Amino acid sequence: MDTIADCGCIPVEDKAKGQVPKLFVQLKSGATFDPIKIREFLSAHLEPYKVPLYIEQIDKIPRSFNGKLLRKDLH
């Protein structure tokens with residue numbers, strides 16, 4: 001999507017399904033957060049079980065000095 005600058009996904013506990021994906025997005029400057037449009041975009045490109053149940057906007061995606069996603073810092 002043209003509004004997302006960076007993103008990261010982690011598994012979170014779900015009572016009904018066990019674990020489900022949770023997506024964290026960092027938006028480009030001036031973009032507005034619309035989780036419905038993000039979910040629609042992902043639904044068109046991913047298998048249904050891979051589409052995140054939860055989508056959260058954060059200011060900056062945590063990355064290491066070499067660019068690796070720091071999943072432990074996402075919660």
# chains A, B, ... in the order shown; residues from 1 in each chain; ligands from 1

$ select_by_dssp --residues "region 2-72 of chain A" --states "helix (DSSP H, G or I)" --output "PyMOL selection string"
chain A and resi 35-45+48-50+71-72

$ residues_around --residues "Asp73 (chain A)" --least-positions-apart "4" --cutoff "12 Å" --atoms "only C-alpha atoms" --output "list of chain:residue names"
A:Gly8, A:Cys9, A:Ile10, A:Phe24, A:Ile58, A:Lys60, A:Ile61, A:Pro62, A:Arg63, A:Ser64, A:Lys68, A:Leu69

$ closest_residue --among "A:Pro21, A:Phe33, A:Val12, A:Asp6" --to "Tyr49 (chain A)" --atoms "only C-alpha atoms"
A:Pro21

$ atom_distance --atom1 "CA of Glu13 (chain A)" --atom2 "CA of Ile38 (chain A)"
21.3 Å

$ atom_distance --atom1 "CA of Pro52 (chain A)" --atom2 "CA of Val20 (chain A)"
6.9 Å

$ residues_around --residues "Thr32 (chain A)" --least-positions-apart "2" --cutoff "10 Å" --atoms "only C-alpha atoms" --output "list in words"
Thr3, Ile4, Leu27, Lys28, Ser29, Gly30, Asp34, Pro35 and Gln57 of chain A

$ decode --residues "region 5-18 of chain A" --atoms "all heavy atoms" --output "compact mmCIF listing (two decimals), in the first residue's frame"
# COMPACT_ATOMS: atom_id res chain seq x y z
N ALA A 5 4.71 3.03 5.39
CA ALA A 5 6.16 3.18 5.24
C ALA A 5 6.88 1.91 5.67
O ALA A 5 7.86 1.51 5.05
CB ALA A 5 6.65 4.36 6.07
N ASP A 6 6.40 1.25 6.73
CA ASP A 6 7.03 0.05 7.25
C ASP A 6 6.00 -0.72 8.06
O ASP A 6 5.00 -0.15 8.50
CB ASP A 6 8.22 0.43 8.14
CG ASP A 6 9.19 -0.72 8.37
OD1 ASP A 6 9.01 -1.81 7.79
OD2 ASP A 6 10.14 -0.52 9.16
N CYS A 7 6.24 -2.00 8.25
CA CYS A 7 5.31 -2.80 9.05
C CYS A 7 6.04 -4.01 9.64
O CYS A 7 7.12 -4.37 9.22
CB CYS A 7 4.12 -3.25 8.22
SG CYS A 7 4.53 -4.37 6.88
N GLY A 8 5.39 -4.59 10.64
CA GLY A 8 5.90 -5.80 11.28
C GLY A 8 4.73 -6.59 11.83
O GLY A 8 3.71 -6.02 12.23
N CYS A 9 4.86 -7.90 11.84
CA CYS A 9 3.77 -8.76 12.27
C CYS A 9 4.27 -9.75 13.33
O CYS A 9 5.38 -10.27 13.21
CB CYS A 9 3.22 -9.51 11.07
SG CYS A 9 1.64 -10.30 11.34
N ILE A 10 3.45 -9.97 14.36
CA ILE A 10 3.79 -10.93 15.40
C ILE A 10 2.57 -11.80 15.70
O ILE A 10 1.44 -11.39 15.41
CB ILE A 10 4.25 -10.22 16.70
CG1 ILE A 10 3.14 -9.34 17.27
CG2 ILE A 10 5.53 -9.45 16.49
CD1 ILE A 10 3.39 -8.84 18.68
N PRO A 11 2.78 -12.98 16.27
CA PRO A 11 1.63 -13.79 16.70
C PRO A 11 1.16 -13.33 18.08
O PRO A 11 1.96 -12.97 18.93
CB PRO A 11 2.20 -15.21 16.76
CG PRO A 11 3.65 -15.01 17.04
CD PRO A 11 4.03 -13.71 16.38
N VAL A 12 -0.16 -13.31 18.27
CA VAL A 12 -0.74 -13.01 19.58
C VAL A 12 -1.74 -14.10 19.93
O VAL A 12 -2.31 -14.75 19.05
CB VAL A 12 -1.42 -11.61 19.61
CG1 VAL A 12 -0.41 -10.51 19.49
CG2 VAL A 12 -2.48 -11.48 18.56
N GLU A 13 -1.95 -14.29 21.22
CA GLU A 13 -2.87 -15.32 21.69
C GLU A 13 -4.31 -14.94 21.39
O GLU A 13 -4.70 -13.78 21.51
CB GLU A 13 -2.69 -15.52 23.19
CG GLU A 13 -1.33 -16.07 23.58
CD GLU A 13 -1.04 -17.45 22.99
OE1 GLU A 13 -1.95 -18.30 22.95
OE2 GLU A 13 0.10 -17.65 22.53
N ASP A 14 -5.10 -15.94 21.02
CA ASP A 14 -6.52 -15.77 20.76
C ASP A 14 -7.25 -16.96 21.38
O ASP A 14 -6.85 -18.10 21.17
CB ASP A 14 -6.78 -15.70 19.25
CG ASP A 14 -8.23 -15.45 18.93
OD1 ASP A 14 -8.69 -14.32 19.17
OD2 ASP A 14 -8.89 -16.37 18.42
N LYS A 15 -8.29 -16.69 22.15
CA LYS A 15 -9.00 -17.76 22.85
C LYS A 15 -9.64 -18.76 21.89
O LYS A 15 -9.64 -19.95 22.15
CB LYS A 15 -10.06 -17.18 23.79
CG LYS A 15 -9.47 -16.46 24.96
CD LYS A 15 -10.54 -15.93 25.88
CE LYS A 15 -9.88 -15.18 27.04
NZ LYS A 15 -10.86 -14.66 27.97
N ALA A 16 -10.16 -18.28 20.78
CA ALA A 16 -10.85 -19.17 19.84
C ALA A 16 -9.90 -19.90 18.89
O ALA A 16 -10.09 -21.07 18.60
CB ALA A 16 -11.86 -18.37 19.04
N LYS A 17 -8.86 -19.21 18.42
CA LYS A 17 -7.99 -19.77 17.37
C LYS A 17 -6.61 -20.16 17.83
O LYS A 17 -5.83 -20.69 17.05
CB LYS A 17 -7.87 -18.76 16.23
CG LYS A 17 -9.19 -18.46 15.56
CD LYS A 17 -9.01 -17.48 14.43
CE LYS A 17 -10.33 -17.17 13.77
NZ LYS A 17 -10.19 -16.22 12.67
N GLY A 18 -6.25 -19.88 19.07
CA GLY A 18 -4.90 -20.18 19.55
C GLY A 18 -3.98 -19.00 19.36
O GLY A 18 -3.77 -18.23 20.27
